[in-house]
$ cat work-v9.txt   # compact mmCIF, N, CA and C atoms and all ligand atoms
# COMPACT_ATOMS: atom_id res chain seq x y z
N MET A 1 26.19 2.44 0.41
CA MET A 1 25.01 3.11 -0.12
C MET A 1 23.82 2.91 0.82
N SER A 2 23.14 4.01 1.17
CA SER A 2 22.02 3.87 2.09
C SER A 2 20.76 3.52 1.30
N CYS A 3 19.89 2.72 1.92
CA CYS A 3 18.79 2.12 1.17
C CYS A 3 17.44 2.75 1.45
N HIS A 4 17.31 3.68 2.38
CA HIS A 4 16.04 4.36 2.70
C HIS A 4 15.04 3.52 3.48
N CYS A 5 15.30 2.23 3.70
CA CYS A 5 14.28 1.37 4.32
C CYS A 5 13.79 1.92 5.66
N THR A 6 14.69 2.42 6.49
CA THR A 6 14.27 2.89 7.81
C THR A 6 13.43 4.15 7.73
N ASP A 7 13.53 4.91 6.63
CA ASP A 7 12.74 6.14 6.48
C ASP A 7 11.33 5.88 5.99
N LEU A 8 11.07 4.67 5.49
CA LEU A 8 9.78 4.42 4.85
C LEU A 8 8.73 4.01 5.87
N PRO A 9 7.44 4.33 5.59
CA PRO A 9 6.36 3.92 6.50
C PRO A 9 6.11 2.41 6.44
N GLU A 10 5.17 1.93 7.26
CA GLU A 10 4.87 0.49 7.30
C GLU A 10 4.27 0.01 5.98
N THR A 11 3.46 0.87 5.37
CA THR A 11 2.92 0.56 4.05
C THR A 11 3.02 1.81 3.19
N LEU A 12 3.21 1.62 1.91
CA LEU A 12 3.29 2.75 0.98
C LEU A 12 2.99 2.24 -0.42
N TYR A 13 2.67 3.18 -1.30
CA TYR A 13 2.55 2.82 -2.70
C TYR A 13 3.95 2.70 -3.28
N LEU A 14 4.14 1.69 -4.13
CA LEU A 14 5.47 1.50 -4.72
C LEU A 14 5.91 2.77 -5.46
N GLN A 15 4.97 3.45 -6.09
CA GLN A 15 5.33 4.65 -6.85
C GLN A 15 5.77 5.82 -5.96
N GLN A 16 5.49 5.72 -4.64
CA GLN A 16 5.94 6.76 -3.71
C GLN A 16 7.31 6.47 -3.12
N ALA A 17 7.83 5.27 -3.38
CA ALA A 17 9.13 4.91 -2.83
C ALA A 17 10.22 5.74 -3.52
N PRO A 18 11.35 5.95 -2.83
CA PRO A 18 12.44 6.71 -3.46
C PRO A 18 12.84 6.07 -4.79
N HIS A 19 13.22 6.89 -5.73
CA HIS A 19 13.57 6.41 -7.06
C HIS A 19 14.66 5.33 -6.99
N GLY A 20 14.39 4.20 -7.60
CA GLY A 20 15.39 3.13 -7.66
C GLY A 20 15.48 2.27 -6.41
N TRP A 21 14.69 2.63 -5.37
CA TRP A 21 14.78 1.90 -4.11
C TRP A 21 14.55 0.40 -4.28
N HIS A 22 13.50 0.04 -5.00
CA HIS A 22 13.16 -1.38 -5.09
C HIS A 22 14.13 -2.17 -5.97
N HIS A 23 15.00 -1.48 -6.69
CA HIS A 23 16.01 -2.21 -7.46
C HIS A 23 17.06 -2.86 -6.55
N ARG A 24 17.10 -2.41 -5.29
CA ARG A 24 18.03 -3.00 -4.32
C ARG A 24 17.41 -4.17 -3.58
N LEU A 25 16.17 -4.52 -3.91
CA LEU A 25 15.49 -5.63 -3.22
C LEU A 25 15.69 -6.93 -3.99
N LEU A 26 15.92 -7.98 -3.22
CA LEU A 26 16.08 -9.30 -3.82
C LEU A 26 14.81 -10.11 -3.56
N GLN A 27 14.30 -10.75 -4.58
CA GLN A 27 13.08 -11.53 -4.39
C GLN A 27 13.38 -12.82 -3.64
N LYS A 28 12.59 -13.09 -2.57
CA LYS A 28 12.80 -14.28 -1.76
C LYS A 28 11.76 -15.35 -2.07
N THR A 29 10.50 -14.97 -2.04
CA THR A 29 9.41 -15.92 -2.21
C THR A 29 8.33 -15.28 -3.06
N CYS A 30 7.63 -16.12 -3.78
CA CYS A 30 6.52 -15.63 -4.58
C CYS A 30 5.24 -16.22 -4.02
N GLY A 31 4.34 -15.38 -3.52
CA GLY A 31 3.07 -15.86 -2.98
C GLY A 31 1.98 -15.80 -4.02
N GLN A 32 0.72 -15.90 -3.55
CA GLN A 32 -0.41 -15.93 -4.46
C GLN A 32 -0.75 -14.54 -5.00
N HIS A 33 -0.60 -13.52 -4.13
CA HIS A 33 -1.00 -12.17 -4.52
C HIS A 33 0.14 -11.17 -4.44
N ALA A 34 1.28 -11.62 -3.94
CA ALA A 34 2.40 -10.69 -3.74
C ALA A 34 3.70 -11.49 -3.67
N SER A 35 4.80 -10.77 -3.74
CA SER A 35 6.10 -11.41 -3.58
C SER A 35 6.80 -10.84 -2.36
N LEU A 36 7.62 -11.67 -1.74
CA LEU A 36 8.41 -11.24 -0.60
C LEU A 36 9.81 -10.88 -1.08
N PHE A 37 10.28 -9.70 -0.67
CA PHE A 37 11.61 -9.23 -1.06
C PHE A 37 12.43 -8.94 0.19
N GLN A 38 13.75 -8.96 0.01
CA GLN A 38 14.63 -8.57 1.11
C GLN A 38 15.61 -7.52 0.59
N CYS A 39 15.82 -6.48 1.38
CA CYS A 39 16.74 -5.42 0.99
C CYS A 39 18.17 -5.95 1.01
N ALA A 40 18.90 -5.69 -0.05
CA ALA A 40 20.29 -6.16 -0.15
C ALA A 40 21.19 -5.41 0.83
N ASP A 41 20.78 -4.24 1.27
CA ASP A 41 21.63 -3.43 2.16
C ASP A 41 21.36 -3.68 3.64
N CYS A 42 20.08 -3.56 4.06
CA CYS A 42 19.79 -3.64 5.50
C CYS A 42 19.07 -4.92 5.89
N GLU A 43 18.74 -5.79 4.92
CA GLU A 43 18.09 -7.08 5.16
C GLU A 43 16.65 -6.97 5.64
N GLN A 44 16.04 -5.77 5.53
CA GLN A 44 14.62 -5.62 5.84
C GLN A 44 13.79 -6.38 4.79
N TYR A 45 12.72 -7.06 5.28
CA TYR A 45 11.81 -7.74 4.35
C TYR A 45 10.66 -6.83 3.96
N TRP A 46 10.22 -6.95 2.72
CA TRP A 46 9.10 -6.17 2.19
C TRP A 46 8.24 -7.08 1.31
N ALA A 47 6.92 -6.93 1.41
CA ALA A 47 6.02 -7.61 0.48
C ALA A 47 5.57 -6.59 -0.55
N ILE A 48 5.57 -6.97 -1.79
CA ILE A 48 5.10 -6.08 -2.85
C ILE A 48 4.03 -6.82 -3.67
N ASP A 49 2.86 -6.18 -3.76
CA ASP A 49 1.75 -6.75 -4.55
C ASP A 49 2.15 -6.98 -6.00
N PHE A 50 1.51 -7.97 -6.59
CA PHE A 50 1.62 -8.09 -8.04
C PHE A 50 0.89 -6.91 -8.66
N PRO A 51 1.35 -6.45 -9.82
CA PRO A 51 0.63 -5.35 -10.49
C PRO A 51 -0.77 -5.82 -10.89
N ARG A 52 -1.76 -4.98 -10.60
CA ARG A 52 -3.12 -5.27 -11.03
C ARG A 52 -3.58 -4.09 -11.86
N ARG A 53 -4.47 -4.34 -12.77
CA ARG A 53 -4.92 -3.30 -13.68
C ARG A 53 -5.44 -2.07 -12.92
N GLU A 54 -4.90 -0.92 -13.23
CA GLU A 54 -5.32 0.35 -12.67
C GLU A 54 -5.21 0.44 -11.15
N GLU A 55 -4.45 -0.44 -10.54
CA GLU A 55 -4.25 -0.33 -9.10
C GLU A 55 -2.78 -0.12 -8.82
N PRO A 56 -2.46 0.85 -7.96
CA PRO A 56 -1.06 1.04 -7.62
C PRO A 56 -0.57 -0.14 -6.78
N GLN A 57 0.66 -0.53 -6.95
CA GLN A 57 1.22 -1.63 -6.15
C GLN A 57 1.50 -1.14 -4.75
N VAL A 58 1.14 -1.96 -3.76
CA VAL A 58 1.34 -1.59 -2.37
C VAL A 58 2.50 -2.38 -1.79
N VAL A 59 3.37 -1.66 -1.08
CA VAL A 59 4.53 -2.25 -0.42
C VAL A 59 4.24 -2.32 1.07
N THR A 60 4.51 -3.44 1.71
CA THR A 60 4.27 -3.60 3.14
C THR A 60 5.54 -4.07 3.83
N ARG A 61 5.89 -3.40 4.93
CA ARG A 61 7.06 -3.81 5.71
C ARG A 61 6.75 -5.13 6.42
N ILE A 62 7.63 -6.09 6.34
CA ILE A 62 7.41 -7.41 6.93
C ILE A 62 8.46 -7.65 8.02
N SER A 63 7.97 -7.91 9.24
CA SER A 63 8.94 -8.14 10.31
C SER A 63 9.29 -9.62 10.44
N ASP A 64 8.34 -10.50 10.14
CA ASP A 64 8.60 -11.93 10.25
C ASP A 64 8.41 -12.60 8.88
N PRO A 65 9.51 -12.91 8.21
CA PRO A 65 9.39 -13.47 6.85
C PRO A 65 8.74 -14.85 6.82
N ASP A 66 8.60 -15.51 7.98
CA ASP A 66 7.92 -16.81 8.00
C ASP A 66 6.41 -16.67 8.04
N GLN A 67 5.93 -15.47 8.41
CA GLN A 67 4.48 -15.26 8.51
C GLN A 67 4.13 -13.93 7.87
N TRP A 68 4.34 -13.83 6.58
CA TRP A 68 4.07 -12.56 5.93
C TRP A 68 2.75 -12.58 5.19
N GLN A 69 2.14 -11.42 5.11
CA GLN A 69 0.86 -11.24 4.42
C GLN A 69 0.99 -10.03 3.50
N PRO A 70 0.45 -10.11 2.29
CA PRO A 70 0.42 -8.91 1.46
C PRO A 70 -0.57 -7.89 2.03
N ALA A 71 -0.51 -6.67 1.55
CA ALA A 71 -1.39 -5.61 2.02
C ALA A 71 -2.85 -6.00 1.82
N GLY A 72 -3.67 -5.89 2.88
CA GLY A 72 -5.09 -6.19 2.78
C GLY A 72 -5.87 -4.92 2.49
N ASP A 73 -7.21 -5.05 2.44
CA ASP A 73 -8.06 -3.89 2.18
C ASP A 73 -7.87 -2.80 3.22
N ALA A 74 -7.67 -3.18 4.49
CA ALA A 74 -7.54 -2.18 5.54
C ALA A 74 -6.36 -1.25 5.29
N SER A 75 -5.20 -1.81 4.94
CA SER A 75 -4.05 -0.92 4.71
C SER A 75 -4.19 -0.17 3.40
N ARG A 76 -4.88 -0.76 2.42
CA ARG A 76 -5.13 -0.05 1.16
C ARG A 76 -6.04 1.16 1.40
N LYS A 77 -7.06 0.98 2.25
CA LYS A 77 -7.98 2.08 2.56
C LYS A 77 -7.24 3.20 3.30
N GLN A 78 -6.37 2.79 4.21
CA GLN A 78 -5.59 3.76 4.97
C GLN A 78 -4.69 4.58 4.04
N LEU A 79 -4.04 3.90 3.10
CA LEU A 79 -3.18 4.58 2.14
C LEU A 79 -3.97 5.53 1.25
N LEU A 80 -5.16 5.06 0.84
CA LEU A 80 -6.01 5.87 -0.04
C LEU A 80 -6.45 7.14 0.69
N THR A 81 -6.89 6.99 1.94
CA THR A 81 -7.30 8.16 2.73
C THR A 81 -6.15 9.14 2.85
N HIS A 82 -4.98 8.61 3.16
CA HIS A 82 -3.80 9.44 3.34
C HIS A 82 -3.43 10.17 2.05
N SER A 83 -3.47 9.45 0.92
CA SER A 83 -3.05 10.07 -0.34
C SER A 83 -4.06 11.12 -0.80
N ARG A 84 -5.32 11.04 -0.30
CA ARG A 84 -6.33 12.05 -0.64
C ARG A 84 -6.34 13.21 0.34
N GLY A 85 -5.52 13.14 1.37
CA GLY A 85 -5.42 14.27 2.30
C GLY A 85 -6.30 14.12 3.53
N GLY A 86 -6.73 12.89 3.88
CA GLY A 86 -7.48 12.66 5.11
C GLY A 86 -8.99 12.79 4.92
N THR A 87 -9.71 12.90 6.05
CA THR A 87 -11.17 12.97 5.99
C THR A 87 -11.67 14.35 6.43
N THR A 88 -12.93 14.62 6.13
CA THR A 88 -13.55 15.91 6.47
C THR A 88 -14.75 15.68 7.39
N GLU A 89 -15.43 16.77 7.80
CA GLU A 89 -16.62 16.69 8.66
C GLU A 89 -17.87 16.33 7.86
N THR A 90 -17.82 16.52 6.55
CA THR A 90 -19.00 16.31 5.70
C THR A 90 -19.40 14.84 5.66
N PRO A 91 -20.70 14.53 5.86
CA PRO A 91 -21.11 13.11 5.81
C PRO A 91 -21.16 12.55 4.39
N CYS A 92 -20.85 11.29 4.28
CA CYS A 92 -20.91 10.54 3.01
C CYS A 92 -22.34 10.58 2.46
N ILE A 93 -22.47 10.74 1.13
CA ILE A 93 -23.81 10.84 0.53
C ILE A 93 -24.44 9.47 0.27
N TRP A 94 -23.72 8.42 0.47
CA TRP A 94 -24.26 7.05 0.27
C TRP A 94 -25.46 6.87 1.20
N ALA A 95 -26.57 6.36 0.67
CA ALA A 95 -27.81 6.22 1.45
C ALA A 95 -27.57 5.50 2.77
N GLY A 96 -27.93 6.15 3.88
CA GLY A 96 -27.83 5.53 5.20
C GLY A 96 -26.43 5.44 5.75
N CYS A 97 -25.44 6.05 5.09
CA CYS A 97 -24.06 5.93 5.58
C CYS A 97 -23.74 7.05 6.57
N GLY A 98 -23.44 8.24 6.07
CA GLY A 98 -23.17 9.37 6.95
C GLY A 98 -21.79 9.39 7.59
N ALA A 99 -20.92 8.47 7.23
CA ALA A 99 -19.55 8.48 7.76
C ALA A 99 -18.79 9.68 7.17
N PRO A 100 -17.74 10.14 7.84
CA PRO A 100 -17.00 11.30 7.32
C PRO A 100 -16.43 11.03 5.93
N THR A 101 -16.56 12.02 5.05
CA THR A 101 -16.06 11.83 3.68
C THR A 101 -14.55 12.03 3.60
N VAL A 102 -13.98 11.41 2.59
CA VAL A 102 -12.57 11.62 2.28
C VAL A 102 -12.46 12.98 1.60
N HIS A 103 -11.41 13.71 1.93
CA HIS A 103 -11.16 15.06 1.41
C HIS A 103 -11.40 15.15 -0.10
N GLN A 104 -12.20 16.14 -0.49
CA GLN A 104 -12.52 16.41 -1.90
C GLN A 104 -13.25 15.27 -2.62
N THR A 105 -13.96 14.44 -1.86
CA THR A 105 -14.83 13.45 -2.50
C THR A 105 -16.18 13.53 -1.80
N ILE A 106 -17.20 12.82 -2.33
CA ILE A 106 -18.52 12.82 -1.70
C ILE A 106 -18.76 11.53 -0.93
N TYR A 107 -17.74 10.69 -0.84
CA TYR A 107 -17.88 9.40 -0.16
C TYR A 107 -16.93 9.25 1.03
N CYS A 108 -17.35 8.39 1.96
CA CYS A 108 -16.45 7.95 3.03
C CYS A 108 -15.45 6.97 2.41
N ILE A 109 -14.47 6.57 3.20
CA ILE A 109 -13.42 5.71 2.64
C ILE A 109 -13.96 4.36 2.15
N ASP A 110 -14.91 3.78 2.89
CA ASP A 110 -15.45 2.47 2.46
C ASP A 110 -16.16 2.58 1.12
N HIS A 111 -16.97 3.64 0.97
CA HIS A 111 -17.72 3.78 -0.28
C HIS A 111 -16.84 4.29 -1.42
N LEU A 112 -15.86 5.10 -1.10
CA LEU A 112 -14.90 5.53 -2.12
C LEU A 112 -14.15 4.31 -2.66
N TYR A 113 -13.77 3.43 -1.75
CA TYR A 113 -13.06 2.21 -2.12
C TYR A 113 -13.95 1.33 -3.00
N GLU A 114 -15.25 1.29 -2.66
CA GLU A 114 -16.19 0.50 -3.47
C GLU A 114 -16.34 1.02 -4.89
N THR A 115 -16.12 2.33 -5.09
CA THR A 115 -16.21 2.87 -6.44
C THR A 115 -15.01 2.47 -7.29
N GLY A 116 -14.00 1.87 -6.65
CA GLY A 116 -12.83 1.41 -7.39
C GLY A 116 -11.66 2.37 -7.29
N ALA A 117 -11.83 3.48 -6.57
CA ALA A 117 -10.73 4.43 -6.41
C ALA A 117 -9.61 3.77 -5.61
N ARG A 118 -8.39 3.95 -6.04
CA ARG A 118 -7.27 3.32 -5.33
C ARG A 118 -6.13 4.28 -5.03
N ILE A 119 -6.15 5.46 -5.60
CA ILE A 119 -5.06 6.38 -5.27
C ILE A 119 -5.57 7.81 -5.43
ZN ZN A 201 17.28 -1.47 3.23
ZN ZN A 202 -20.14 5.95 3.09
$ encode --input "work-v9.txt" --output "structure tokens"
Amino acid sequence: MSCHCTDLPETLYLQQAPHGWHHRLLQKTCGQHASLFQCADCEQYWAIDFPRREEPQVVTRISDPDQWQPAGDASRKQLLTHSRGGTTETPCIWAGCGAPTVHQTIYCIDHLYETGARI
């Protein structure tokens, strides 16, 4: 049975993963904010965030299981921008900001993230 691991990006929302994919992962370690899993088929390591209220769980590909980190704000912002369809030429309306806005919003990624938007 093929596990899809090689088709997946470096980071993704758990809800975007192929149906049933994470059921093939075995939990290896439990950290403070996330758990480390290993694929039963291809032995790829993945970190998956603990569920947080109203936040989608983020999955991160881990190359070195001895030095793994859960998804930080930078990869969460990248995922959020991507899931909203990228950025536009329009400047952010936040006072003194002016950075490019995220598609169909009035804020840049930093300020959109500050409003609590996560997906
Ligand atoms: Zn796999
Ligand atoms: Zn801004």
$ residues_near_ligand --input "work-v9.txt" --ligand "ligand ZN 202 (chain A)" --cutoff "6.5 Å" --atoms "only N, CA and C atoms and all ligand atoms" --output "list of chain:residue names"
A:Cys92, A:Ile93, A:Trp94, A:Cys97, A:Gly98, A:Ala99, A:Tyr107, A:Cys108, A:Ile109, A:Asp110, A:His111, A:Leu112
$ residues_near_ligand --input "work-v9.txt" --ligand "ligand ZN 201 (chain A)" --cutoff "5 Å" --atoms "all atoms listed in the file" --output "NGL selection string"
:A and (3 or 5 or 39 or 41-43)
$ select_by_dssp --input "work-v9.txt" --residues "range 6-118 of chain A" --states "strand (DSSP E or B)" --output "ChimeraX atom specification"
/A:11-13,25-30,34-39,45-49,52,55,58-62,87-91,100-102,108
$ residues_around --input "work-v9.txt" --residues "Leu14 in chain A" --least-positions-apart "4" --cutoff "6 Å" --atoms "all atoms listed in the file" --output "PyMOL selection string"
chain A and resi 56-59
$ residues_around --input "work-v9.txt" --residues "Thr60 in chain A" --least-positions-apart "2" --cutoff "6 Å" --atoms "all atoms listed in the file" --output "ChimeraX atom specification"
/A:10-12,45-48,58,62,71
$ residues_around --input "work-v9.txt" --residues "range 103-105 of chain A" --least-positions-apart "6" --cutoff "5 Å" --atoms "only N, CA and C atoms" --output "number ranges by chain"
A: 86-88
$ closest_residue --input "work-v9.txt" --among "A:Thr6, A:Gln78, A:Ser63, A:Thr90" --to "Phe37 in chain A" --atoms "only C-alpha atoms"
A:Ser63
$ closest_residue --input "work-v9.txt" --among "A:Gln27, A:Thr115, A:Ser83, A:Thr101" --to "Gln15 in chain A" --atoms "only C-alpha atoms"
A:Ser83
$ atom_distance --input "work-v9.txt" --atom1 "CA of Cys30 in chain A" --atom2 "CA of Gln44 in chain A"
16.6 Å
$ closest_residue --input "work-v9.txt" --among "A:Pro51, A:Pro65, A:Gly96, A:Tyr13" --to "Thr29 in chain A" --atoms "only C-alpha atoms"
A:Pro65
$ atom_distance --input "work-v9.txt" --atom1 "atom N of Asp66 in chain A" --atom2 "atom N of Ser35 in chain A"
13.2 Å
$ atom_distance --input "work-v9.txt" --atom1 "CA of Leu25 in chain A" --atom2 "CA of Leu8 in chain A"
14.1 Å
$ closest_residue --input "work-v9.txt" --among "A:Glu89, A:Pro9, A:Trp68, A:Ala40" --to "Leu26 in chain A" --atoms "only C-alpha atoms"
A:Ala40
$ closest_residue --input "work-v9.txt" --among "A:Pro91, A:Arg84, A:Asp7, A:Lys77" --to "Tyr113 in chain A" --atoms "all atoms listed in the file"
A:Lys77
$ closest_residue --input "work-v9.txt" --among "A:Pro70, A:Gly116, A:Gly20, A:Pro100" --to "Leu36 in chain A" --atoms "only C-alpha atoms"
A:Pro70
$ select_by_dssp --input "work-v9.txt" --residues "chain A" --states "alpha helix (DSSP H)" --output "list in words"
Asp73, Ala74, Ser75, Arg76, Lys77, Gln78, Leu79, Leu80, Thr81, His82, Ser83, Ile109, Asp110, His111, Leu112, Tyr113 and Glu114 of chain A
$ build_atoms --input "work-v9.txt" --residues "range 59-75 of chain A" --atoms "N, CA, C and O atoms" --output "PDB file, in the coordinates of the input"
ATOM      1  N   VAL A  59       3.370  -1.660  -1.080  1.00  0.00           N
ATOM      2  CA  VAL A  59       4.530  -2.250  -0.420  1.00  0.00           C
ATOM      3  C   VAL A  59       4.240  -2.320   1.070  1.00  0.00           C
ATOM      4  O   VAL A  59       3.741  -1.343   1.641  1.00  0.00           O
ATOM      5  N   THR A  60       4.510  -3.440   1.710  1.00  0.00           N
ATOM      6  CA  THR A  60       4.270  -3.600   3.140  1.00  0.00           C
ATOM      7  C   THR A  60       5.540  -4.070   3.830  1.00  0.00           C
ATOM      8  O   THR A  60       6.161  -5.040   3.396  1.00  0.00           O
ATOM      9  N   ARG A  61       5.890  -3.400   4.930  1.00  0.00           N
ATOM     10  CA  ARG A  61       7.060  -3.810   5.710  1.00  0.00           C
ATOM     11  C   ARG A  61       6.750  -5.130   6.420  1.00  0.00           C
ATOM     12  O   ARG A  61       5.706  -5.271   7.043  1.00  0.00           O
ATOM     13  N   ILE A  62       7.630  -6.090   6.340  1.00  0.00           N
ATOM     14  CA  ILE A  62       7.410  -7.410   6.930  1.00  0.00           C
ATOM     15  C   ILE A  62       8.460  -7.650   8.020  1.00  0.00           C
ATOM     16  O   ILE A  62       9.656  -7.584   7.747  1.00  0.00           O
ATOM     17  N   SER A  63       7.970  -7.910   9.240  1.00  0.00           N
ATOM     18  CA  SER A  63       8.940  -8.140  10.310  1.00  0.00           C
ATOM     19  C   SER A  63       9.290  -9.620  10.440  1.00  0.00           C
ATOM     20  O   SER A  63      10.407  -9.965  10.815  1.00  0.00           O
ATOM     21  N   ASP A  64       8.340 -10.500  10.140  1.00  0.00           N
ATOM     22  CA  ASP A  64       8.600 -11.930  10.250  1.00  0.00           C
ATOM     23  C   ASP A  64       8.410 -12.600   8.880  1.00  0.00           C
ATOM     24  O   ASP A  64       7.281 -12.839   8.460  1.00  0.00           O
ATOM     25  N   PRO A  65       9.510 -12.910   8.210  1.00  0.00           N
ATOM     26  CA  PRO A  65       9.390 -13.470   6.850  1.00  0.00           C
ATOM     27  C   PRO A  65       8.740 -14.850   6.820  1.00  0.00           C
ATOM     28  O   PRO A  65       8.380 -15.325   5.750  1.00  0.00           O
ATOM     29  N   ASP A  66       8.600 -15.510   7.980  1.00  0.00           N
ATOM     30  CA  ASP A  66       7.920 -16.810   8.000  1.00  0.00           C
ATOM     31  C   ASP A  66       6.410 -16.670   8.040  1.00  0.00           C
ATOM     32  O   ASP A  66       5.680 -17.611   7.790  1.00  0.00           O
ATOM     33  N   GLN A  67       5.930 -15.470   8.410  1.00  0.00           N
ATOM     34  CA  GLN A  67       4.480 -15.260   8.510  1.00  0.00           C
ATOM     35  C   GLN A  67       4.130 -13.930   7.870  1.00  0.00           C
ATOM     36  O   GLN A  67       3.706 -13.018   8.542  1.00  0.00           O
ATOM     37  N   TRP A  68       4.340 -13.830   6.580  1.00  0.00           N
ATOM     38  CA  TRP A  68       4.070 -12.560   5.930  1.00  0.00           C
ATOM     39  C   TRP A  68       2.750 -12.580   5.190  1.00  0.00           C
ATOM     40  O   TRP A  68       2.288 -13.618   4.746  1.00  0.00           O
ATOM     41  N   GLN A  69       2.140 -11.420   5.110  1.00  0.00           N
ATOM     42  CA  GLN A  69       0.860 -11.240   4.420  1.00  0.00           C
ATOM     43  C   GLN A  69       0.990 -10.030   3.500  1.00  0.00           C
ATOM     44  O   GLN A  69       1.554  -9.024   3.897  1.00  0.00           O
ATOM     45  N   PRO A  70       0.450 -10.110   2.290  1.00  0.00           N
ATOM     46  CA  PRO A  70       0.420  -8.910   1.460  1.00  0.00           C
ATOM     47  C   PRO A  70      -0.570  -7.890   2.030  1.00  0.00           C
ATOM     48  O   PRO A  70      -1.366  -8.234   2.894  1.00  0.00           O
ATOM     49  N   ALA A  71      -0.510  -6.670   1.550  1.00  0.00           N
ATOM     50  CA  ALA A  71      -1.390  -5.610   2.020  1.00  0.00           C
ATOM     51  C   ALA A  71      -2.850  -6.000   1.820  1.00  0.00           C
ATOM     52  O   ALA A  71      -3.241  -6.428   0.745  1.00  0.00           O
ATOM     53  N   GLY A  72      -3.670  -5.890   2.880  1.00  0.00           N
ATOM     54  CA  GLY A  72      -5.090  -6.190   2.780  1.00  0.00           C
ATOM     55  C   GLY A  72      -5.870  -4.920   2.490  1.00  0.00           C
ATOM     56  O   GLY A  72      -5.310  -3.844   2.340  1.00  0.00           O
ATOM     57  N   ASP A  73      -7.210  -5.050   2.440  1.00  0.00           N
ATOM     58  CA  ASP A  73      -8.060  -3.890   2.180  1.00  0.00           C
ATOM     59  C   ASP A  73      -7.870  -2.800   3.220  1.00  0.00           C
ATOM     60  O   ASP A  73      -7.915  -1.627   2.898  1.00  0.00           O
ATOM     61  N   ALA A  74      -7.670  -3.180   4.490  1.00  0.00           N
ATOM     62  CA  ALA A  74      -7.540  -2.180   5.540  1.00  0.00           C
ATOM     63  C   ALA A  74      -6.360  -1.250   5.290  1.00  0.00           C
ATOM     64  O   ALA A  74      -6.499  -0.030   5.355  1.00  0.00           O
ATOM     65  N   SER A  75      -5.200  -1.810   4.940  1.00  0.00           N
ATOM     66  CA  SER A  75      -4.050  -0.920   4.710  1.00  0.00           C
ATOM     67  C   SER A  75      -4.190  -0.170   3.400  1.00  0.00           C
ATOM     68  O   SER A  75      -3.726   0.957   3.270  1.00  0.00           O
TER      69      SER A  75
END
